[in-house]
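Source file upload18.csv; content: CSV, C-alpha atoms.
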```csv
chain,number,residue,atom,x,y,z
X,7,MET,CA,65.7,63.2,25.2
X,8,LEU,CA,65.3,60.2,27.6
X,9,ASP,CA,67.8,61.8,30.0
X,10,ARG,CA,65.7,64.9,30.1
X,11,ILE,CA,62.5,62.9,30.8
X,12,ALA,CA,64.3,60.9,33.5
X,13,GLY,CA,65.6,64.1,35.1
X,14,PHE,CA,62.1,65.6,35.0
X,15,PHE,CA,60.6,62.6,36.9
X,16,ARG,CA,63.6,62.6,39.3
X,17,LEU,CA,62.9,66.3,40.1
X,18,ILE,CA,59.2,65.5,40.7
X,19,GLY,CA,60.1,62.6,43.0
X,20,GLN,CA,62.5,64.8,45.0
X,21,THR,CA,59.9,67.5,45.3
X,22,ILE,CA,57.2,65.1,46.5
X,23,GLY,CA,59.7,63.5,48.9
X,24,ARG,CA,60.7,66.9,50.4
X,25,TRP,CA,57.0,67.8,50.9
X,26,ALA,CA,56.3,64.4,52.5
X,27,ARG,CA,59.1,64.8,54.9
X,28,LEU,CA,57.9,68.3,55.9
X,29,PHE,CA,54.4,67.0,56.4
X,30,ALA,CA,55.6,64.1,58.5
X,31,ALA,CA,57.7,66.5,60.6
X,32,TRP,CA,54.7,68.8,61.1
X,33,ALA,CA,52.3,65.9,61.9
X,34,PHE,CA,54.6,64.1,64.4
X,35,TRP,CA,56.3,67.0,66.0
X,36,PRO,CA,53.6,67.4,68.8
X,37,PHE,CA,54.0,63.7,69.7
X,38,LEU,CA,57.8,63.9,69.7
X,39,ALA,CA,57.7,67.0,71.9
X,40,ALA,CA,55.2,65.4,74.3
X,41,HIS,CA,57.4,62.3,74.5
X,42,GLY,CA,60.4,64.5,75.4
X,43,TRP,CA,58.4,66.3,78.0
X,44,TYR,CA,57.1,63.1,79.4
X,45,GLN,CA,60.6,61.5,79.7
X,46,ARG,CA,61.8,64.4,81.9
X,47,ARG,CA,58.8,64.2,84.4
X,48,SER,CA,58.6,62.3,87.7
X,49,TRP,CA,56.3,59.4,88.3
X,50,MET,CA,54.0,61.7,90.2
X,51,ILE,CA,53.2,63.4,86.9
X,52,ARG,CA,53.6,60.4,84.6
X,53,LEU,CA,50.9,58.3,86.4
X,54,PRO,CA,48.1,60.8,85.9
X,55,VAL,CA,49.2,61.2,82.2
X,56,ILE,CA,49.1,57.4,81.7
X,57,ALA,CA,45.6,57.3,83.3
X,58,PHE,CA,44.4,60.1,81.1
X,59,VAL,CA,45.8,58.5,77.9
X,60,ALA,CA,44.3,55.1,78.9
X,61,LEU,CA,40.9,56.8,79.5
X,62,PHE,CA,41.2,58.5,76.1
X,63,VAL,CA,41.9,55.2,74.4
X,64,VAL,CA,39.0,53.4,76.1
X,65,LEU,CA,36.6,56.2,75.3
X,66,TYR,CA,37.6,56.3,71.6
X,67,GLY,CA,37.5,52.5,71.5
X,68,TYR,CA,33.9,52.6,72.8
X,69,PHE,CA,33.1,55.4,70.4
X,70,PHE,CA,34.5,53.6,67.4
X,71,TRP,CA,32.6,50.4,68.3
X,72,GLN,CA,29.3,52.2,68.7
X,73,THR,CA,29.6,54.0,65.4
X,74,GLN,CA,30.5,50.9,63.5
X,75,ALA,CA,28.2,48.2,65.1
X,76,TRP,CA,24.6,48.6,63.9
X,77,THR,CA,22.7,46.4,66.3
X,78,ASN,CA,19.5,44.8,65.0
X,79,PHE,CA,19.7,46.8,61.7
X,80,ASN,CA,17.2,45.0,59.4
X,81,PRO,CA,15.4,46.8,56.6
X,82,ALA,CA,12.8,44.1,56.6
X,83,PHE,CA,12.1,44.3,60.4
X,84,VAL,CA,8.5,45.2,59.7
X,85,ASP,CA,7.8,41.6,58.7
X,86,GLN,CA,7.9,40.6,62.4
X,87,TYR,CA,4.6,42.4,63.1
X,88,ARG,CA,2.7,40.1,60.7
X,89,LEU,CA,0.5,43.1,59.7
X,90,SER,CA,-1.2,41.2,56.9
X,91,GLU,CA,-2.8,39.0,59.5
X,92,ARG,CA,-4.7,41.9,61.1
X,93,LYS,CA,-8.4,42.0,60.2
X,94,VAL,CA,-9.5,44.9,62.2
X,95,ALA,CA,-8.5,48.6,61.8
X,96,ALA,CA,-6.8,50.4,64.7
X,97,GLY,CA,-9.1,51.5,67.5
X,98,GLN,CA,-11.9,49.2,66.4
X,99,ASP,CA,-13.5,46.6,68.7
X,100,LEU,CA,-11.8,43.2,68.4
X,101,PRO,CA,-14.2,40.2,68.1
X,102,LEU,CA,-14.4,37.9,71.1
X,103,ALA,CA,-12.3,34.7,70.8
X,104,GLU,CA,-14.3,31.5,70.3
X,105,GLY,CA,-15.4,30.3,73.7
X,106,ALA,CA,-14.6,33.5,75.5
X,107,ASP,CA,-16.8,34.8,78.3
X,108,ALA,CA,-19.3,37.2,76.8
X,109,THR,CA,-19.1,39.4,79.9
X,110,ALA,CA,-15.4,39.9,79.6
X,111,PRO,CA,-14.3,43.5,79.0
X,112,LYS,CA,-14.1,44.5,75.3
X,113,THR,CA,-10.8,45.1,73.7
X,114,CYS,CA,-9.8,47.2,70.7
X,115,GLN,CA,-7.1,46.9,68.1
X,116,ARG,CA,-3.7,48.5,68.9
X,117,SER,CA,-2.2,51.0,66.5
X,118,ALA,CA,0.5,49.5,64.4
X,119,ILE,CA,1.8,53.0,63.6
X,120,VAL,CA,2.3,53.7,67.3
X,121,ASP,CA,4.0,50.4,67.9
X,122,VAL,CA,6.4,51.0,65.0
X,123,ALA,CA,7.2,54.5,66.1
X,124,ALA,CA,8.0,53.3,69.6
X,125,ASP,CA,10.1,50.4,68.3
X,126,LEU,CA,12.0,52.6,65.9
X,127,THR,CA,12.9,55.0,68.8
X,128,ASP,CA,13.8,52.0,70.9
X,129,PHE,CA,16.1,50.8,68.1
X,130,ASN,CA,17.8,54.2,68.1
X,131,VAL,CA,18.4,54.8,71.8
X,132,ASN,CA,18.2,51.4,73.6
X,133,GLN,CA,19.4,48.8,71.1
X,134,ASN,CA,22.0,51.2,69.9
X,135,ALA,CA,23.8,54.2,71.4
X,136,TRP,CA,22.5,57.5,70.2
X,137,ILE,CA,25.6,58.8,68.5
X,138,SER,CA,24.8,62.5,67.9
X,139,SER,CA,24.8,63.4,71.6
X,140,MET,CA,27.9,61.3,72.6
X,141,LEU,CA,30.7,63.5,74.0
X,142,LEU,CA,33.3,62.4,71.5
X,143,TYR,CA,30.9,63.0,68.6
X,144,LYS,CA,30.3,66.5,69.8
X,145,ALA,CA,34.1,67.0,70.3
X,146,GLY,CA,34.6,66.3,66.6
X,147,PHE,CA,37.8,65.5,64.7
X,148,PHE,CA,40.4,68.0,66.0
X,149,GLY,CA,37.6,70.5,66.3
X,150,ILE,CA,36.0,69.7,62.9
X,151,ASP,CA,32.4,68.5,63.1
X,152,TRP,CA,32.3,64.7,62.3
X,153,ASP,CA,29.6,65.5,59.7
X,154,HIS,CA,32.2,67.4,57.8
X,155,THR,CA,34.5,64.4,57.6
X,156,PRO,CA,34.2,61.0,56.0
X,157,PHE,CA,34.6,59.3,59.3
X,158,PHE,CA,32.2,58.0,62.1
X,159,ASP,CA,29.1,59.9,61.0
X,160,ASN,CA,27.1,57.3,58.9
X,161,LYS,CA,25.3,55.8,61.8
X,162,ALA,CA,24.5,59.2,63.4
X,163,SER,CA,23.0,60.4,60.1
X,164,PHE,CA,21.0,57.3,59.7
X,165,GLN,CA,19.6,57.6,63.3
X,166,ARG,CA,18.6,61.2,62.6
X,167,GLY,CA,16.9,60.1,59.4
X,168,VAL,CA,14.9,57.5,61.4
X,169,ASN,CA,14.1,60.1,64.0
X,170,GLN,CA,12.9,62.5,61.4
X,171,ALA,CA,10.3,60.0,60.3
X,172,VAL,CA,9.2,59.3,63.9
X,173,ARG,CA,9.0,63.0,64.7
X,174,ARG,CA,6.8,63.7,61.7
X,175,THR,CA,4.5,60.8,62.6
X,176,SER,CA,4.2,61.9,66.3
X,177,VAL,CA,2.9,65.3,65.1
X,178,GLU,CA,0.2,63.6,63.0
X,179,LEU,CA,-0.7,61.3,65.9
X,180,VAL,CA,-1.3,64.3,68.1
X,181,ASP,CA,-3.0,66.6,65.6
X,182,THR,CA,-5.3,64.1,63.7
X,183,LEU,CA,-4.9,60.4,64.3
X,184,GLY,CA,-5.1,60.3,68.1
X,185,ARG,CA,-8.3,62.3,68.5
X,186,VAL,CA,-11.6,63.1,66.8
X,187,ARG,CA,-11.0,66.6,65.5
X,188,GLY,CA,-13.4,69.2,66.8
X,189,THR,CA,-15.0,66.8,69.3
X,190,SER,CA,-12.2,65.5,71.5
X,191,GLY,CA,-9.1,66.9,73.3
X,192,ILE,CA,-5.5,66.1,72.5
X,193,ASN,CA,-4.3,62.8,74.1
X,194,ASN,CA,-1.9,63.6,76.9
X,195,ASP,CA,0.4,60.6,76.2
X,196,LEU,CA,0.8,61.4,72.5
X,197,GLN,CA,1.3,65.1,73.4
X,198,ARG,CA,4.2,64.1,75.8
X,199,ALA,CA,5.7,61.8,73.2
X,200,ARG,CA,5.6,64.5,70.6
X,201,GLY,CA,7.3,67.0,72.9
X,202,ASN,CA,10.0,64.6,73.9
X,203,LEU,CA,10.7,63.5,70.3
X,204,GLN,CA,11.2,67.2,69.3
X,205,PHE,CA,14.0,67.6,71.8
X,206,ASP,CA,17.4,68.6,70.4
X,207,GLU,CA,19.3,65.7,68.8
X,208,TYR,CA,22.7,66.7,70.0
X,209,SER,CA,22.4,67.5,73.7
X,210,TRP,CA,24.9,65.9,76.1
X,211,TYR,CA,24.7,66.1,79.9
X,212,PHE,CA,25.4,69.8,79.9
X,213,GLY,CA,23.5,72.3,77.7
X,214,LEU,CA,23.5,76.0,77.6
X,215,ASN,CA,23.6,76.2,81.4
X,216,PRO,CA,27.3,75.3,82.3
X,217,PHE,CA,26.5,75.3,86.1
X,218,GLY,CA,24.1,72.4,86.2
X,219,PRO,CA,23.5,69.0,84.5
X,220,LYS,CA,20.6,68.3,82.2
X,221,THR,CA,19.0,65.2,80.9
X,222,PRO,CA,20.7,64.0,77.7
X,223,THR,CA,18.8,63.5,74.4
X,224,PRO,CA,18.4,59.7,74.7
X,225,SER,CA,16.5,60.1,78.0
X,226,TYR,CA,13.9,62.3,76.4
X,227,TYR,CA,13.4,59.8,73.6
X,228,ARG,CA,13.1,56.9,76.1
X,229,SER,CA,10.3,58.9,77.8
X,230,ALA,CA,8.6,59.2,74.4
X,231,ILE,CA,8.7,55.4,74.0
X,232,ASP,CA,6.9,55.0,77.4
X,233,SER,CA,4.3,57.5,76.4
X,234,LEU,CA,3.6,55.9,73.0
X,235,ARG,CA,3.3,52.5,74.6
X,236,LYS,CA,1.0,53.8,77.3
X,237,PHE,CA,-1.3,55.2,74.6
X,238,ASN,CA,-1.4,51.9,72.8
X,239,THR,CA,-2.2,50.1,76.1
X,240,ASP,CA,-5.1,52.5,76.6
X,241,LEU,CA,-6.2,52.1,73.0
X,242,ALA,CA,-6.2,48.3,73.4
X,243,ALA,CA,-8.4,48.8,76.5
X,244,CYS,CA,-10.7,51.0,74.4
X,245,ASN,CA,-9.8,54.0,76.6
X,246,ALA,CA,-8.2,56.0,73.8
X,247,ILE,CA,-9.1,57.1,70.3
X,248,PHE,CA,-7.6,56.3,66.9
X,249,ASP,CA,-9.5,58.2,64.2
X,250,GLY,CA,-9.0,56.1,61.1
X,251,ARG,CA,-11.0,58.2,58.6
X,252,ALA,CA,-10.0,58.6,55.0
X,253,ASP,CA,-9.3,62.4,55.3
X,254,ASN,CA,-6.9,61.7,58.1
X,255,LEU,CA,-5.1,59.2,56.0
X,256,VAL,CA,-4.9,61.7,53.1
X,257,GLN,CA,-3.2,64.3,55.4
X,258,PHE,CA,-0.9,61.7,56.9
X,259,VAL,CA,0.3,60.5,53.4
X,260,ASP,CA,0.6,64.1,52.2
X,261,ARG,CA,2.8,65.0,55.1
X,262,ILE,CA,5.1,62.1,54.5
X,263,ALA,CA,5.3,62.9,50.7
X,264,ASN,CA,6.2,66.5,51.5
X,265,ASP,CA,8.9,65.4,54.0
X,266,LEU,CA,10.4,63.0,51.4
X,267,GLY,CA,10.2,65.8,48.8
X,268,SER,CA,12.4,68.0,51.1
X,269,THR,CA,15.0,65.3,51.4
X,270,SER,CA,15.0,64.8,47.6
X,271,ASP,CA,15.7,68.5,47.2
X,272,MET,CA,18.6,68.2,49.7
X,273,LEU,CA,20.1,65.3,47.8
X,274,ALA,CA,19.7,67.1,44.4
X,275,GLU,CA,21.4,70.2,45.7
X,276,ARG,CA,24.3,68.2,47.0
X,277,SER,CA,24.6,66.1,43.9
X,278,GLU,CA,24.5,69.0,41.4
X,279,ASN,CA,26.7,71.5,43.2
X,280,HIS,CA,29.3,69.3,45.1
X,281,ASN,CA,29.9,66.3,42.8
X,282,ARG,CA,33.5,65.6,43.8
X,283,GLY,CA,33.0,61.8,43.8
X,284,TRP,CA,34.6,60.0,46.7
X,285,PHE,CA,36.1,63.3,48.0
X,286,ASP,CA,32.8,64.9,48.9
X,287,THR,CA,32.9,64.6,52.7
X,288,ARG,CA,29.3,65.5,53.2
X,289,ALA,CA,27.8,63.0,50.7
X,290,ASP,CA,27.8,60.1,53.2
X,291,ASP,CA,25.8,61.9,55.9
X,292,ARG,CA,23.3,63.1,53.3
X,293,PHE,CA,22.9,59.6,51.9
X,294,TRP,CA,22.5,57.9,55.3
X,295,PHE,CA,20.0,60.5,56.5
X,296,ALA,CA,17.8,59.8,53.5
X,297,TYR,CA,18.3,56.1,54.0
X,298,GLY,CA,17.3,56.3,57.7
X,299,GLN,CA,14.2,58.3,56.7
X,300,LEU,CA,13.1,55.7,54.2
X,301,TYR,CA,13.9,53.0,56.7
X,302,GLY,CA,11.5,54.6,59.2
X,303,TYR,CA,8.8,55.5,56.7
X,304,TYR,CA,8.8,52.1,55.1
X,305,ALA,CA,7.8,50.6,58.5
X,306,ILE,CA,5.3,53.4,59.2
X,307,MET,CA,3.6,53.1,55.9
X,308,ALA,CA,3.3,49.4,56.2
X,309,ALA,CA,1.7,50.0,59.7
X,310,ALA,CA,-0.6,52.6,58.2
X,311,GLN,CA,-2.0,50.1,55.8
X,312,ALA,CA,-3.0,47.9,58.7
X,313,ASP,CA,-4.3,50.7,60.8
X,314,PHE,CA,-6.4,52.1,57.9
X,315,SER,CA,-7.3,48.6,56.5
X,316,GLN,CA,-10.9,49.5,56.2
X,317,VAL,CA,-10.2,52.6,54.2
X,318,ALA,CA,-7.6,50.8,52.0
X,319,GLN,CA,-10.1,48.1,51.3
X,320,GLU,CA,-13.0,50.5,50.5
X,321,ARG,CA,-10.8,52.5,48.1
X,322,ASN,CA,-9.1,49.5,46.5
X,323,LEU,CA,-5.7,50.7,47.5
X,324,GLY,CA,-4.1,47.2,47.8
X,325,ALA,CA,-2.3,47.2,44.5
X,326,ILE,CA,-0.9,50.8,44.6
X,327,TRP,CA,0.1,50.3,48.3
X,328,GLY,CA,1.9,47.1,47.5
X,329,GLY,CA,3.7,49.0,44.7
X,330,THR,CA,4.8,51.7,47.2
X,331,MET,CA,6.2,49.1,49.5
X,332,ARG,CA,8.2,47.5,46.7
X,333,GLN,CA,9.7,51.0,45.9
X,334,PHE,CA,10.7,51.4,49.6
X,335,GLN,CA,12.3,47.9,49.5
X,336,ALA,CA,14.2,48.7,46.3
X,337,ALA,CA,15.6,51.9,47.8
X,338,LEU,CA,16.6,50.1,51.0
X,339,ARG,CA,18.6,47.5,49.1
X,340,ILE,CA,21.2,50.3,48.2
X,341,GLN,CA,23.9,49.9,50.8
X,342,PRO,CA,27.2,51.0,49.3
X,343,ALA,CA,30.3,50.6,51.5
X,344,ILE,CA,31.7,54.0,50.4
X,345,ILE,CA,29.4,56.8,49.3
X,346,SER,CA,30.4,58.6,46.2
X,347,ASN,CA,28.9,61.8,44.9
X,348,GLY,CA,30.1,61.7,41.3
X,349,ARG,CA,28.7,63.3,38.2
X,350,GLU,CA,25.6,61.6,36.9
X,351,ASP,CA,27.4,61.0,33.5
X,352,GLY,CA,30.6,59.9,35.2
X,353,TRP,CA,32.1,56.5,34.5
X,354,ILE,CA,34.6,56.1,37.3
X,355,MET,CA,33.0,57.5,40.4
X,356,PRO,CA,29.3,56.6,40.9
X,357,SER,CA,26.6,59.0,41.9
X,358,HIS,CA,25.0,57.4,45.0
X,359,LEU,CA,23.1,60.6,45.9
X,360,ALA,CA,21.5,60.8,42.5
X,361,THR,CA,20.5,57.2,42.8
X,362,MET,CA,19.0,57.6,46.2
X,363,GLY,CA,17.2,60.7,45.1
X,364,PHE,CA,15.7,58.8,42.1
X,365,TYR,CA,14.3,56.1,44.4
X,366,ILE,CA,12.9,58.7,46.8
X,367,LEU,CA,11.1,60.4,44.0
X,368,ARG,CA,9.6,57.0,42.9
X,369,VAL,CA,8.3,56.4,46.5
X,370,ARG,CA,7.0,60.0,46.6
X,371,SER,CA,5.2,59.5,43.3
X,372,ASN,CA,3.4,56.5,44.6
X,373,LEU,CA,2.4,58.3,47.8
X,374,VAL,CA,1.0,61.2,45.7
X,375,GLU,CA,-1.0,58.6,43.7
X,376,ILE,CA,-2.4,57.1,47.0
X,377,ARG,CA,-3.4,60.6,48.0
X,378,SER,CA,-5.1,61.3,44.7
X,379,VAL,CA,-7.1,58.0,44.9
X,380,LEU,CA,-8.2,58.9,48.4
X,381,ASP,CA,-9.2,62.4,47.3
X,382,ARG,CA,-11.6,61.2,44.6
```

Can I see the file as structure tokens?
Amino acid sequence: MLDRIAGFFRLIGQTIGRWARLFAAWAFWPFLAAHGWYQRRSWMIRLPVIAFVALFVVLYGYFFWQTQAWTNFNPAFVDQYRLSERKVAAGQDLPLAEGADATAPKTCQRSAIVDVAADLTDFNVNQNAWISSMLLYKAGFFGIDWDHTPFFDNKASFQRGVNQAVRRTSVELVDTLGRVRGTSGINNDLQRARGNLQFDEYSWYFGLNPFGPKTPTPSYYRSAIDSLRKFNTDLAACNAIFDGRADNLVQFVDRIANDLGSTSDMLAERSENHNRGWFDTRADDRFWFAYGQLYGYYAIMAAAQADFSQVAQERNLGAIWGGTMRQFQAALRIQPAIISNGREDGWIMPSHLATMGFYILRVRSNLVEIRSVLDR
């Protein structure tokens, strides 16, 4: 009996070994063939090949570094704005400093929402490389989209999540917050910022036109940063409008809640229909997109509390707004090294997507409550 069991396991070992050798032969054959071809060439051919391989190694080294190094990543970065110290709502006249000349030009409060939107975009494209439009990211992994692999796509997904929050905010700035509806025109700087932020996230130096270069994605986003900051400069000089009415805040919060609702649905669909644990290669980009979106909206909602401070005070929103910020903070503390999309009742592989979806729904629930208080 023992001999039969030993023979069975020996047969399994031999079968596995045979398949492993076949796989190794298949995987390394192109390299062995290339080495044989290279050995038979003259130095006139070898030198360009060496230069090409060296360039390839340098480019992939740079690509690897940029995808793994998250410069200035800090979920609590909003603390640097000291928003709690602001006593005046956005766009309102600032009181003169003690001893200041009474004839000095008046100044108005900058918009914290606009500052945060500009800084989030700066974080994406200046403090870090914008991964999604890098040539090697677009080339993929042997022709497979990086988003369909477990490698090198976390930072790109996170950046797109942050950009989604900024895009949504730029639309509201143009349509409602940066103008008095019905009585004033659209602000040109905000309009330019919105247009540039809507630009395709994946464009490299060549687009659909193969015969001419075009500006890559990060350049459009950098232009949006300049436009947002120019608007805030004009607002500080009282030459622009920030309409901080309660109905505008209702619409702004509603749009954010709807956006997070869509992300929650995306996570739920992936969690329910593709729960393969650590072997779900799309789980990581779903998770980090949602994380980036929360990262952006956390800062934007903190800024909104300062910009709409008068409304928040009149409607007694301090407690519920503080609760919403704590929900954001709790979600942003989830930073697993490896994303697993396991079954919700599993005991070996965790379900990070379900966990993130749960926190998003808690945040959204608080936003809906803020909206209902404002609607009363």

Can you pull out every residue within 6 Å of X:Tyr227, counting only C-alpha atoms, but drop anything in the same chain fewer than 3 positions away, and send it as a PDB file with C-alpha atoms, keeping the file's coordinate frame?
```
ATOM      1  CA  ASN X 202      10.000  64.600  73.900  1.00  0.00           C
ATOM      2  CA  LEU X 203      10.700  63.500  70.300  1.00  0.00           C
ATOM      3  CA  PRO X 224      18.400  59.700  74.700  1.00  0.00           C
ATOM      4  CA  ALA X 230       8.600  59.200  74.400  1.00  0.00           C
TER       5      ALA X 230
END
```

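Between atom CA of X:Gln335 and atom CA of X:Val369 the separation is 9.9 Å.
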
Residues near stretch 67-72 of chain X, cut-off 8 Å, only C-alpha atoms, skip fewer than 5 positions along chain, as a ChimeraX atom specification: /X:134-135,137,142,158

Those same residues, written as a short mmCIF file (atom, residue, chain, number, x, y, z; two decimals), in the coordinates of the input with C-alpha atoms?
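Printed below is again-v7.cif as written:
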```
data_model
loop_
_atom_site.label_atom_id
_atom_site.label_comp_id
_atom_site.auth_asym_id
_atom_site.auth_seq_id
_atom_site.Cartn_x
_atom_site.Cartn_y
_atom_site.Cartn_z
CA ASN X 134 22.00 51.20 69.90
CA ALA X 135 23.80 54.20 71.40
CA ILE X 137 25.60 58.80 68.50
CA LEU X 142 33.30 62.40 71.50
CA PHE X 158 32.20 58.00 62.10
#
```

Polymer residues at most 10 Å from X:Lys93, all atoms listed in the file, same-chain spacing of 4 or more positions, as a VMD selection string: chain X and resid 89 100 to 101 115 312 to 313 315 to 316

Env of X:Gly167: 12 Å cut, atoms = only C-alpha atoms, seq-sep filter 4 positions within chain, self excluded. Answer as a PyMOL selection string. chain X and resi 126-127+130+138+160-163+171-174+207+265-266+269+291-303

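The closest residue to X:Arg382, picked from X:Asp253, X:Asp206, X:Asp240, X:Asp151 and counting only C-alpha atoms, is X:Asp253.
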
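Atom CA of X:Arg200 lies 27.9 Å from atom CA of X:Ala337.
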
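Compared by their closest atoms to X:Val120, and using only C-alpha atoms, the residues X:Pro54, X:Gly184, X:Pro81, X:Gly149 rank with X:Gly184 nearest.
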
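From atom CA of X:Asn193 back to atom CA of X:Gln257, the distance works out to 18.8 Å.
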
X:Arg368 surroundings by all atoms listed in the file, 7 Å radius, close-in-sequence under 4 positions cut, as a ChimeraX atom specification: /X:333,364,372

Serialized selection, C-alpha atoms, as a PDB file, keeping the file's coordinate frame:
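Final output, saved to part33.pdb:
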```pdb
ATOM      1  CA  GLN X 333       9.700  51.000  45.900  1.00  0.00           C
ATOM      2  CA  PHE X 364      15.700  58.800  42.100  1.00  0.00           C
ATOM      3  CA  ASN X 372       3.400  56.500  44.600  1.00  0.00           C
TER       4      ASN X 372
END
```

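You can rank X:Ile262, X:Ala243, X:Ala82, X:Leu359 by their closest distance to X:Ser277 using all atoms listed in the file, and at the top of that list sits X:Leu359.
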
With 12 Å as the threshold, what does the neighbourhood of (-8.2, 61.5, 59.1) contain in terms of residues, counting only C-alpha atoms? Coordinates are those of the file; answer as a PyMOL selection string. chain X and resi 178-187+248-260+310+313-314+317+380-381
